[in-house]
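Report on the structure given below.
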Amino acid sequence: MSSISKPTVRHPSERTNAIGLTKADYEGGMSTLCAGCGHDSVTAALIQSFWELDLPPQNAAKMSGIGCSSKTTAYFMRQSHGFNAVHGRMPSVTTGANAANRDLTYIGISGDGDSLNIGLGQLVHAIRRNVNMLYVIENNGVYGLTKGQFSAASDIGSRSRKGEVHEQPPIDPVALALTIGATFVARSFSGDKAQLVPILKAGLSHRGFALIDVLSPCVSFNDHEGSTKSYAYVRGHGAEAVATDFVPLRRTINVPKHRDEVTEVLMHDGSRVRLHATAPGYDATDREAAYRHVRACAERGEVATGLLFIDEAGRCMHDQNRTVDTPLVQLPFASLCPGKAALDDLMARYR
Amino acid sequence: MSGVNDFAFKSATVNGTGSASANSLLMQAIFRMGIPVTGKNIFPSNIQGLPTWYEVRVSADGYTARPPQIDLMVALNPATYAQDFAAVRPGGYLLYDSSWPLSARHRRADITLLGIPLGDMCREAFTGDRDRTLLRNVAYAGALTALLQIDLGVIEQTLNEKYGRKKALLESNHRAIRLGYDYARAHFECPLPVHCAPMDRTRDFVLMDGNTACALGALYAGATVGAWYPITPSTSLMESFKAFCQEFRVDPKTKLNKYCILQAEDELAAAGMVVGASWMGARAFTCTSGPGLSLMQEFIGYAYYAEIPGVFFDVQRTGPSTGMPTRTQQADLLSMAYASHGDTKHIVLFPADPGESFELAVTAFDMTERFQTPVFVATDTDIGMNDWMIPRLHWDDGFTPDRGKVLDAAALDQMQKFFRYMDEDGDGIAARTLPGVGGKGAYFTRGSGHDQWGTYTEDAAAYQGVMDRLKRKLETAAQELPKPVFQRQDGADVGLVTLGSPDAAVREAADRLREQGVRADVMRIRAFPFAPEVAAFLARYETLFVVEQNRDAQLRSLLAIETGTPRDHMIPVLDYAGLPMTAESVVHAVTRHLEGAAR
């Protein structure tokens, strides 16, 4: 994964967050993606979210697979450890890492090919385990690095740049996640920072697996007429379920300007997500309703966006495993090794 | 050759009828009489219905390889009568269930038939099909107790320990033992010429299988994360680890677990979880067998190149493909040594029995962190699933784990800058940091081309610099891994080379060969890449045999590739049909070759 180191330019009057960091402190290397790539906007939204959440970079681990999207973990939070795994296997690496150290914030960045083609098996099982992590699919419906092949997210009737028509039904990660018990399911659009940032922040604060499908147009191979993942298509067909405000702990709660029906969800860390239903009767805590809404939008040719489902009561992997609170990596050896006397006693069992 | 405390018996039964507990009862009782004993379970990949065998070798001299011949056969499966009758040595015995008439086809004039109406007796004594079937096995154990002069008191005591809390079960087991025992005493001359007499040669030993021993090794080494996908014959390794963790790793106050066992969706994910946990600084491992090893190749290559620890137990089974899942083989040697695409080479440790499995499992966790590279522990079905007589396991409370070069926050404070892949000490090992340590220690782990500073590169010299250092690192490892074990004698001009479970057969073969006037030294290799002593041994002998359990002489190939010894200088002795090796097969191959050379 290529990256160019980026000069740190700091304006003297740049604002710092509660832990004294500026937004520049959350940046990484220079992006080597194509100019106008939707993924760069997602990176910018992530940086904004980390800064607003006062996330200490050393407490985060950046995880990714292979592909254009997976390269972007090099473009933010240079002070965090990063792991660029093999293709489609980021969920298992993150699962193992999280098993070993439950205290870090895990930020997984993947793409539609990485998550829905080669990595579908690992994605669904990480969802089932409810691994505590943010999982962003930067979904452009195309293989970019190998120049324009269809992915499992490509819609029926979608055309490649060479004019081929796609005939297989797409896998919608949002619908999939809802059916297998995901505890946080959202969708947004790389070009809609106002919607994306609060959703990313809510996902980072969710205790459990937070899936965010971000439609992110590929300017080189999939931003043309006939593509359902283009800027023009998404802007014209978006159907927001709920507008989201994320209110971190320790901050003043802002009253939203347009308050229709407001649902407040208390996150595990004490912070709050405020959901503003724009569709009548939408309830983001009702899995069945969320699924029906996603399907109904799809049948109308619309893309359901927003925070579609959230369940803060779900048991994460460590709850299921009944793991001690101290990260396993911090347990001293003496508390792990039963010692000589225990082994001597054990031997009687094998006689 | 057979006699008191030197014989073998074999039971032929139907899988799933409960014969395993009868066999282990007999073996345990003989062991408790102070007589060295080993058992080999030869079982099908099946839950119920297919033929299964269990061989028990009693050897006052302590030989633990498969027995040279069968003195007494317990033939309880009519489907395999033909082969079971044929397997008895001339002058031997065959016990069968005389509830049903024996076909005239199954007769041998040179063996003694011992008919016992086990089925009829159990039908009368017990109710319910299940009990009648299960207790028929216990009844034959009772008959063998009389015929082989096994201490009835020891048998009954062992049953008491096993079923102490289940009164009804205990009572019916005692009755079944008596049924067989009394019948044998009343109808046959007990004991047979082959029988047991108490000794005192097992006091410092235990009976344990290798999967249990590996699990104990992982527990004692401080492993906290185990990720796996169930696969025969490795399954009981993780299940034992789980049982030990439930016993020793639960916080007494909070009842919370100081471990995390992840049953993965497949072996790809299991390997990924091990890599993720090890990258984070935990001691993590997986256990698998051939088909799983194939799926893990991708991550093993990643871990080699990105320099991430991880312990991989490969309990080898008969391949290729699904092969024969419950049968033994050593056919993953090349797959382990050079796992994954590109230029790779991996550390592989080869225990020869469960006792050494414990020891090398602990070593594996130290080596994987010291060298920041995957380490395999290679066992097989024979080691993993059979009960071996091994010296009691010992632990030194002074043990401190070798965590390798890990820079903590204090060490980083002393540094101007941290570069992940810089060889500061000239041993090929670069220091690493663990996530969470802070900004200066942060780096980007990648399987793509990187330079010694840890940044992405496609630069020819920078790429090659890292690859050459990895080679140096494995050369350093070759010096520090467990050394080969030698068994030498004066005037030996033949060298026998082996690794892993055939060791018992090879050492016994060396004794047999000496009786025939052939003096052979034995070298048992314990680690790959090979220690310098390996090449030195190979250079010393005019005639060299390499004994292993695969078709293609994989160990010989490794020796040729890595030491430059000409392949033709090493005569392969191969036994790869899925059963543990016998000393006879080695003796036969060696003498046949020497006779051929003499002609």
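In the structure tokens, the first chain shown is A, the next is B, and so on; residue numbers restart at 1 for each chain, and ligands run from 1 in the order shown.
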Review point. Which residues of chain A are close to chain B, meaning at most 8 Å apart when you count only C-alpha atoms, and how do they look as a PyMOL selection string?
Key: chain A and resi 1-3+57-61+74+78-86+89-90+92-101+104+121-122+125+321-324+328-329+331+333+336-340+343-344+347-348+350-351
Exercise for review: Report the residues of range 455-540 of chain B whose backbone DSSP state falls under alpha helix (DSSP H), written as a count of residues only.
Suggested key: 43
Check your understanding: Which residues come within 12 Å of Asp521 in chain B, counting only C-alpha atoms, excluding same-chain residues fewer than 3 positions away, as a ChimeraX atom specification?
Key -> /B:485-498,506-511,513-514,518,524,537-538,540-546
Review point. Running DSSP on the backbone, which parts of range 183-228 of chain A land in strand (DSSP E), as a ChimeraX atom specification?
Key: /A:184-189,209-215
**Study point:** All residues 12 Å or closer to Ile429 in chain B, only C-alpha atoms, same chain fewer than 6 positions away omitted, as a list of chain:residue names
**Key:**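 Counting only C-alpha atoms, the residues come to B:Glu307, B:Ile308, B:Met367, B:Thr368, B:Glu369, B:Arg370, B:Phe371, B:Gln372, B:Thr373, B:Gly404, B:Lys405, B:Val406, B:Arg420, B:Tyr421, B:Met422, B:Asp423, B:Gln452, B:Val466, B:Asp468, B:Arg469, B:Leu470, B:Lys471, B:Arg472, B:Lys473, B:Leu474, B:Glu475, B:Thr476, B:Ala477.
A straight line drawn from CA of Glu548 in chain B to CA of Gln69 in chain B is 21.2 Å long.
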Point to revise | Interatomic distance, CA of Pro484 in chain B to CA of Phe350 in chain B (Å, one decimal) | key: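 The value is 10.0 Å.
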Exercise for review: Would you kindly return, as JSON, numbers by chain, each protein, DNA or RNA residue with an atom no farther than 9 Å from any atom of Pro320 in chain B, considering only C-alpha atoms and excluding same-chain residues fewer than 3 positions away?
Suggested key: {"B": [290, 291, 323, 324, 331]}
Written file, previous selection with N, CA and C atoms, as a PDB file, in the first residue's frame:
```pdb
ATOM      1  N   GLY B 290      -3.867 -31.563   8.425  1.00  0.00           N
ATOM      2  CA  GLY B 290      -3.566 -31.268   7.017  1.00  0.00           C
ATOM      3  C   GLY B 290      -4.512 -30.323   6.284  1.00  0.00           C
ATOM      4  N   PRO B 291      -5.808 -30.664   6.177  1.00  0.00           N
ATOM      5  CA  PRO B 291      -6.699 -29.783   5.415  1.00  0.00           C
ATOM      6  C   PRO B 291      -6.743 -28.369   5.989  1.00  0.00           C
ATOM      7  N   GLY B 323      -8.194 -37.561   2.801  1.00  0.00           N
ATOM      8  CA  GLY B 323      -7.370 -38.715   3.163  1.00  0.00           C
ATOM      9  C   GLY B 323      -8.073 -39.648   4.129  1.00  0.00           C
ATOM     10  N   MET B 324      -7.319 -40.136   5.102  1.00  0.00           N
ATOM     11  CA  MET B 324      -7.906 -40.995   6.135  1.00  0.00           C
ATOM     12  C   MET B 324      -7.774 -40.239   7.459  1.00  0.00           C
ATOM     13  N   ALA B 331       3.131 -36.442   6.673  1.00  0.00           N
ATOM     14  CA  ALA B 331       3.204 -36.024   5.275  1.00  0.00           C
ATOM     15  C   ALA B 331       3.041 -34.520   5.093  1.00  0.00           C
TER      16      ALA B 331
END
```
Exercise for review: Just the residues within 6 Å of range 213-221 of chain A, please, counting only C-alpha atoms, with nothing from its chain fewer than 2 positions along; format it as a list in words.
Suggested key: Cys37, Gly38, Val136, Ile137, Glu138, Asn139, Asn140, Gly148, Arg187, Ser188, Phe189, Ser190, Asp223, Lys229, Ser230 and Tyr231 of chain A
Review point. Leaving out Ile19 in chain A and any residue of its chain fewer than 2 positions from it, which residues lie within 12 Å of it when counting only C-alpha atoms, given as a count of residues only?
Key: 15
With the cut-off set at 9 Å and counting only C-alpha atoms, tabulate each residue of range 100-201 of chain A with an atom at most that distance from an atom of range 309-313 of chain A, showing the nearest atom pair and its distance in Å to one decimal, ordered by chain and increasing number, as CSV.
```
residue,atom,partner,partner_atom,distance
A:Leu178,CA,A:Phe309,CA,7.8
A:Ala182,CA,A:Asp311,CA,8.4
A:Thr183,CA,A:Asp311,CA,4.9
A:Phe184,CA,A:Ile310,CA,4.5
A:Val185,CA,A:Phe309,CA,5.1
A:Ala186,CA,A:Phe309,CA,6.8
```
